[in-house]
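Novice: Quick one: this structure, given as structure tokens, is what I'll be asking you about.
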Amino acid sequence: MSFEVGRLSPGLGRLFAPYRALVGESPMSRPPAVGAIGELLGRVGPRNAAGKPLRVVDADHASALAYERRVLDDGLLATRADSWHDYFNALVWCVFPTTKAVINRRHCEAAGRDDRRGAVRDALTQFDECGALVISADADMLDALRGHCWESALWRRRTHFLQSCRVLIVGHATLDALRSPFAGLCAKALFREVASDWIAQAADDQVREADHWLAGWLSRRGESLAPRDFSPLPLLGLPEAVPENVCSGYYRDPAQFRPRRVPGLGGIRCR
């Protein structure tokens with residue numbers, strides 16, 4: 001399936017905004033060749049946690065852990081030909097390099113302590129593949145999303161949501177899925193409360209600051225990191241993501257907008 005950022009809906013286009021300058025505006029019938037992805041990494045210059053510049057190599061059939069160790073030990077990013085998934089992984093390395101380096105380092109550290117996968121690596125994998133950082137100065141809005149109050153947050157207060165919230169997609173599998181979005185597509189969201197002047201920053205400054213903040217949070221979370229730290233965020237419910245979400249009834253479909261199974265709030269609201 002071809003991909004063109006300019007043909008995305010306004011809501012989905014906002015999710016791709018941090019990557020738009022790298023992707024370009026031309027239609028893409030297939031992902032860039034492995035060599036072109038390597039050239040992109042060379043231009044942008046992301047580095048692993050050891051400070052080594054990332055280089056692309058053809059993917060083999062190594063295990064997931066061996067893949068992570070090659071990134072950390074040698075700066076080698078195994079990349080499959082004709083893989084949108086791997087292309088978006090490289091893009092996230094370019095836009096959120098500090099976060100990606102911490103995820104990679106923590107994978108290797110956790111595996112070195114215990115051969116079993118465990119909650120830490122499960123959480124790292126979930127966020128690496130499907131993560132989103134939802135940022136707002138409005139704690140009530142963040143808690144409404146954590147509480148699955150979808151109609152209230154995304155329909156009744158949709159104008160306020162657009163003005164007060166930023167959703168930054170970090171998961172490369174989610175970026176890939178957004179090329180052809182389907183009902184029920186969710187990100188694994190971490191919620192961050194910020195001062196009101198954060199939202200007024202230039203978009204590029206927001207992304208850079210968020211990258212460093214997120215990397216620090218993932219490091220500080222230590223052995224407490226677990227999948228329960230994240231909460232599902234139905235992406236097609238974001239304002240202007242799809243034409244169908246212009247009425248309140250759209251948010252009453254329990255197949256896509258599930259209520260909380262237990263009382264209380266999901267995930268974590270951080271500062």
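Letters for chains follow the order of the structure tokens (A, B, ...), residue numbers begin at 1 for each chain, and ligand numbers begin at 1 in the order shown.
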Give me, as a PyMOL selection string, the residues of region 42-146 of chain A that a backbone DSSP run labels strand (DSSP E).
Specialist: chain A and resi 55-58+76-79+131-136
Novice: Could those selected residues go to a file with N, CA and C atoms, as a PDB file, in the first residue's frame?
Specialist:
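Result written to part33.pdb:
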ATOM      1  N   ARG A  55      24.179   2.559  12.317  1.00  0.00           N
ATOM      2  CA  ARG A  55      24.373   2.172  10.927  1.00  0.00           C
ATOM      3  C   ARG A  55      23.401   1.047  10.606  1.00  0.00           C
ATOM      4  N   VAL A  56      22.935   1.043   9.376  1.00  0.00           N
ATOM      5  CA  VAL A  56      21.976   0.032   8.946  1.00  0.00           C
ATOM      6  C   VAL A  56      22.713  -1.193   8.410  1.00  0.00           C
ATOM      7  N   VAL A  57      22.201  -2.371   8.766  1.00  0.00           N
ATOM      8  CA  VAL A  57      22.670  -3.623   8.169  1.00  0.00           C
ATOM      9  C   VAL A  57      21.449  -4.427   7.761  1.00  0.00           C
ATOM     10  N   ASP A  58      21.623  -5.293   6.773  1.00  0.00           N
ATOM     11  CA  ASP A  58      20.526  -6.160   6.361  1.00  0.00           C
ATOM     12  C   ASP A  58      20.116  -7.055   7.521  1.00  0.00           C
ATOM     13  N   LEU A  76      24.527  -1.218  15.250  1.00  0.00           N
ATOM     14  CA  LEU A  76      24.012  -1.792  14.007  1.00  0.00           C
ATOM     15  C   LEU A  76      22.510  -2.008  14.120  1.00  0.00           C
ATOM     16  N   LEU A  77      21.763  -1.384  13.228  1.00  0.00           N
ATOM     17  CA  LEU A  77      20.306  -1.467  13.218  1.00  0.00           C
ATOM     18  C   LEU A  77      19.882  -2.399  12.086  1.00  0.00           C
ATOM     19  N   ALA A  78      19.527  -3.623  12.433  1.00  0.00           N
ATOM     20  CA  ALA A  78      19.110  -4.598  11.424  1.00  0.00           C
ATOM     21  C   ALA A  78      17.800  -4.144  10.791  1.00  0.00           C
ATOM     22  N   THR A  79      17.778  -4.077   9.466  1.00  0.00           N
ATOM     23  CA  THR A  79      16.647  -3.502   8.740  1.00  0.00           C
ATOM     24  C   THR A  79      16.304  -4.385   7.555  1.00  0.00           C
ATOM     25  N   GLY A 131       3.907   2.922  21.593  1.00  0.00           N
ATOM     26  CA  GLY A 131       3.841   3.977  22.587  1.00  0.00           C
ATOM     27  C   GLY A 131       3.416   5.329  22.060  1.00  0.00           C
ATOM     28  N   ALA A 132       2.760   6.086  22.939  1.00  0.00           N
ATOM     29  CA  ALA A 132       2.417   7.486  22.682  1.00  0.00           C
ATOM     30  C   ALA A 132       2.589   8.257  23.981  1.00  0.00           C
ATOM     31  N   LEU A 133       3.052   9.472  23.868  1.00  0.00           N
ATOM     32  CA  LEU A 133       3.158  10.374  25.014  1.00  0.00           C
ATOM     33  C   LEU A 133       2.095  11.447  24.844  1.00  0.00           C
ATOM     34  N   VAL A 134       1.157  11.510  25.788  1.00  0.00           N
ATOM     35  CA  VAL A 134       0.075  12.494  25.756  1.00  0.00           C
ATOM     36  C   VAL A 134       0.415  13.580  26.774  1.00  0.00           C
ATOM     37  N   ILE A 135       0.542  14.803  26.298  1.00  0.00           N
ATOM     38  CA  ILE A 135       1.048  15.906  27.112  1.00  0.00           C
ATOM     39  C   ILE A 135      -0.002  17.008  27.189  1.00  0.00           C
ATOM     40  N   SER A 136      -0.251  17.501  28.400  1.00  0.00           N
ATOM     41  CA  SER A 136      -1.212  18.590  28.571  1.00  0.00           C
ATOM     42  C   SER A 136      -0.958  19.285  29.899  1.00  0.00           C
TER      43      SER A 136
END
Novice: Just the residues within 9 Å of region 260-266 of chain A, please, counting only C-alpha atoms, with nothing from its chain fewer than 5 positions along; format it as a list in words.
Specialist: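 Surrounding residues, per the criterion: Asp143, Ala144, Leu145, Arg146, Gly147, His148, Cys149, Arg228, Asp229, Phe230, Ser231 and Pro232 of chain A.
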Novice: Restricted to C-alpha atoms, what would the selected residues look like written as a PDB file, in the first residue's frame?
Specialist:
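Final file, out12.pdb:
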ATOM      1  CA  ASP A 143      -7.429  11.883  33.857  1.00  0.00           C
ATOM      2  CA  ALA A 144     -10.547  11.752  31.678  1.00  0.00           C
ATOM      3  CA  LEU A 145      -8.514   9.849  29.089  1.00  0.00           C
ATOM      4  CA  ARG A 146      -7.047   7.595  31.777  1.00  0.00           C
ATOM      5  CA  GLY A 147     -10.576   6.914  33.004  1.00  0.00           C
ATOM      6  CA  HIS A 148     -11.835   6.075  29.487  1.00  0.00           C
ATOM      7  CA  CYS A 149     -14.259   8.998  29.508  1.00  0.00           C
ATOM      8  CA  ARG A 228       0.266  -1.198  33.590  1.00  0.00           C
ATOM      9  CA  ASP A 229       2.114   2.141  33.421  1.00  0.00           C
ATOM     10  CA  PHE A 230       0.453   2.708  30.039  1.00  0.00           C
ATOM     11  CA  SER A 231      -3.199   3.086  29.133  1.00  0.00           C
ATOM     12  CA  PRO A 232      -4.960   2.443  25.798  1.00  0.00           C
TER      13      PRO A 232
END
Novice: Report as a list in words all protein, DNA and RNA residues lying within 10 Å of Leu54 (chain A), evaluated on only C-alpha atoms, omitting residues in the same chain fewer than 2 positions from it.
Specialist: Gly38, Leu41, Gly42, Val44, Gly45, Pro46, Arg47, Asn48, Gly51, Lys52, Val56, Val57, Val71, Leu72, Asp74, Gly75, Leu76, Leu77, Ala90, Trp93 and Cys94 of chain A
Novice: Taking the chain letters and numbering used in this document, name the residues of region 142-268 of chain A that DSSP puts in helix (DSSP H, G or I), as a ChimeraX atom specification.
Specialist: /A:142-146,150-156,158-164,172-177,196-198,203-224,227-229,235-237,243-246,248-252
Novice: Between A:Arg80, A:Arg43, A:Lys188, A:Arg116, which one has atoms that come closest to Leu65 (chain A), using only C-alpha atoms?
Specialist: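 Among A:Arg80, A:Arg43, A:Lys188, A:Arg116, it is A:Arg116 that comes nearest to Leu65 (chain A).
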Novice: Just the residues within 9 Å of region 160-168 of chain A, please, counting only C-alpha atoms, with nothing from its chain fewer than 6 positions along; format it as a ChimeraX atom specification.
Specialist: /A:14-18,131-138,141-142,153-154,189,196,199,207,210,238-239
Novice: I need the chosen residues saved as a compact mmCIF listing (two decimals), in the first residue's frame, with N, CA and C atoms.
Specialist:
# COMPACT_ATOMS: atom_id res chain seq x y z
N ARG A 14 -1.60 15.27 12.19
CA ARG A 14 -0.95 15.82 13.39
C ARG A 14 -0.07 14.77 14.07
N LEU A 15 -0.49 13.51 14.02
CA LEU A 15 0.32 12.46 14.64
C LEU A 15 1.63 12.26 13.89
N PHE A 16 1.63 12.50 12.59
CA PHE A 16 2.84 12.33 11.79
C PHE A 16 3.69 13.60 11.73
N ALA A 17 3.21 14.68 12.34
CA ALA A 17 3.91 15.97 12.19
C ALA A 17 5.39 15.92 12.56
N PRO A 18 5.80 15.23 13.64
CA PRO A 18 7.24 15.22 13.96
C PRO A 18 8.10 14.54 12.90
N GLY A 131 3.91 2.92 21.59
CA GLY A 131 3.84 3.98 22.59
C GLY A 131 3.42 5.33 22.06
N ALA A 132 2.76 6.09 22.94
CA ALA A 132 2.42 7.49 22.68
C ALA A 132 2.59 8.26 23.98
N LEU A 133 3.05 9.47 23.87
CA LEU A 133 3.16 10.37 25.01
C LEU A 133 2.09 11.45 24.84
N VAL A 134 1.16 11.51 25.79
CA VAL A 134 0.07 12.49 25.76
C VAL A 134 0.41 13.58 26.77
N ILE A 135 0.54 14.80 26.30
CA ILE A 135 1.05 15.91 27.11
C ILE A 135 0.00 17.01 27.19
N SER A 136 -0.25 17.50 28.40
CA SER A 136 -1.21 18.59 28.57
C SER A 136 -0.96 19.28 29.90
N ALA A 137 -1.35 20.55 29.97
CA ALA A 137 -1.35 21.26 31.24
C ALA A 137 -2.65 21.04 32.01
N ASP A 138 -3.61 20.36 31.38
CA ASP A 138 -4.93 20.13 31.97
C ASP A 138 -4.96 18.73 32.58
N MET A 141 -8.19 16.75 31.92
CA MET A 141 -8.28 16.14 30.60
C MET A 141 -7.49 14.83 30.56
N LEU A 142 -6.28 14.85 31.10
CA LEU A 142 -5.47 13.63 31.12
C LEU A 142 -6.16 12.53 31.92
N ALA A 153 -14.04 13.60 26.87
CA ALA A 153 -12.75 14.19 26.54
C ALA A 153 -12.61 14.51 25.06
N LEU A 154 -13.07 13.59 24.21
CA LEU A 154 -12.77 13.69 22.78
C LEU A 154 -13.92 14.25 21.95
N ALA A 189 -0.48 4.60 25.91
CA ALA A 189 -0.21 6.00 26.24
C ALA A 189 0.35 6.17 27.64
N SER A 196 1.63 25.38 31.75
CA SER A 196 0.83 25.88 30.63
C SER A 196 1.68 26.44 29.51
N ILE A 199 2.90 24.16 26.12
CA ILE A 199 2.11 24.02 24.89
C ILE A 199 2.39 25.16 23.93
N VAL A 207 9.10 18.55 20.73
CA VAL A 207 9.56 17.19 20.46
C VAL A 207 10.92 16.93 21.11
N ALA A 210 10.46 16.71 24.85
CA ALA A 210 9.75 15.48 25.20
C ALA A 210 10.66 14.26 25.08
N LEU A 238 -9.39 10.46 18.19
CA LEU A 238 -8.81 11.80 18.30
C LEU A 238 -9.53 12.74 17.34
N PRO A 239 -9.77 13.98 17.74
CA PRO A 239 -10.50 14.91 16.88
C PRO A 239 -9.92 14.98 15.47
Novice: Could you list, as number ranges by chain, every residue within 8 Å of region 181-186 of chain A, counting only C-alpha atoms and ignoring same-chain residues fewer than 2 positions away?
Specialist: A: 130, 177-179, 188, 232-236, 255-257
Novice: Filtering to N, CA and C atoms, could you give me those residues as an mmCIF file, in the first residue's frame?
Specialist:
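Here's the written file selection.cif:
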data_model
loop_
_atom_site.group_PDB
_atom_site.id
_atom_site.type_symbol
_atom_site.label_atom_id
_atom_site.label_comp_id
_atom_site.auth_asym_id
_atom_site.auth_seq_id
_atom_site.Cartn_x
_atom_site.Cartn_y
_atom_site.Cartn_z
ATOM 1 N N CYS A 130 4.252 0.519 20.263
ATOM 2 C CA CYS A 130 2.927 1.158 20.220
ATOM 3 C C CYS A 130 2.804 2.393 21.099
ATOM 4 N N ALA A 177 0.816 1.181 11.331
ATOM 5 C CA ALA A 177 -0.621 0.903 11.290
ATOM 6 C C ALA A 177 -1.423 2.114 10.841
ATOM 7 N N LEU A 178 -0.944 3.306 11.120
ATOM 8 C CA LEU A 178 -1.671 4.518 10.739
ATOM 9 C C LEU A 178 -1.672 4.758 9.235
ATOM 10 N N ARG A 179 -0.858 4.028 8.476
ATOM 11 C CA ARG A 179 -0.946 4.132 7.016
ATOM 12 C C ARG A 179 -2.299 3.632 6.528
ATOM 13 N N LYS A 188 -0.388 2.725 23.227
ATOM 14 C CA LYS A 188 -0.143 2.556 24.660
ATOM 15 C C LYS A 188 0.362 3.897 25.187
ATOM 16 N N PRO A 232 -4.590 2.406 27.216
ATOM 17 C CA PRO A 232 -4.960 2.443 25.798
ATOM 18 C C PRO A 232 -5.546 3.791 25.387
ATOM 19 N N LEU A 233 -5.169 4.227 24.201
ATOM 20 C CA LEU A 233 -5.690 5.470 23.625
ATOM 21 C C LEU A 233 -6.202 5.151 22.225
ATOM 22 N N PRO A 234 -7.539 5.139 22.022
ATOM 23 C CA PRO A 234 -8.094 4.838 20.695
ATOM 24 C C PRO A 234 -7.807 5.985 19.724
ATOM 25 N N LEU A 235 -6.938 5.737 18.781
ATOM 26 C CA LEU A 235 -6.420 6.827 17.949
ATOM 27 C C LEU A 235 -7.449 7.377 16.975
ATOM 28 N N LEU A 236 -8.391 6.559 16.536
ATOM 29 C CA LEU A 236 -9.394 7.070 15.598
ATOM 30 C C LEU A 236 -10.434 7.940 16.298
ATOM 31 N N ALA A 255 -17.060 -1.526 21.202
ATOM 32 C CA ALA A 255 -16.028 -2.336 20.559
ATOM 33 C C ALA A 255 -14.752 -1.535 20.352
ATOM 34 N N GLN A 256 -14.891 -0.218 20.172
ATOM 35 C CA GLN A 256 -13.729 0.630 19.953
ATOM 36 C C GLN A 256 -13.395 1.476 21.186
ATOM 37 N N PHE A 257 -14.426 1.940 21.884
ATOM 38 C CA PHE A 257 -14.216 2.816 23.042
ATOM 39 C C PHE A 257 -14.678 2.077 24.295
#
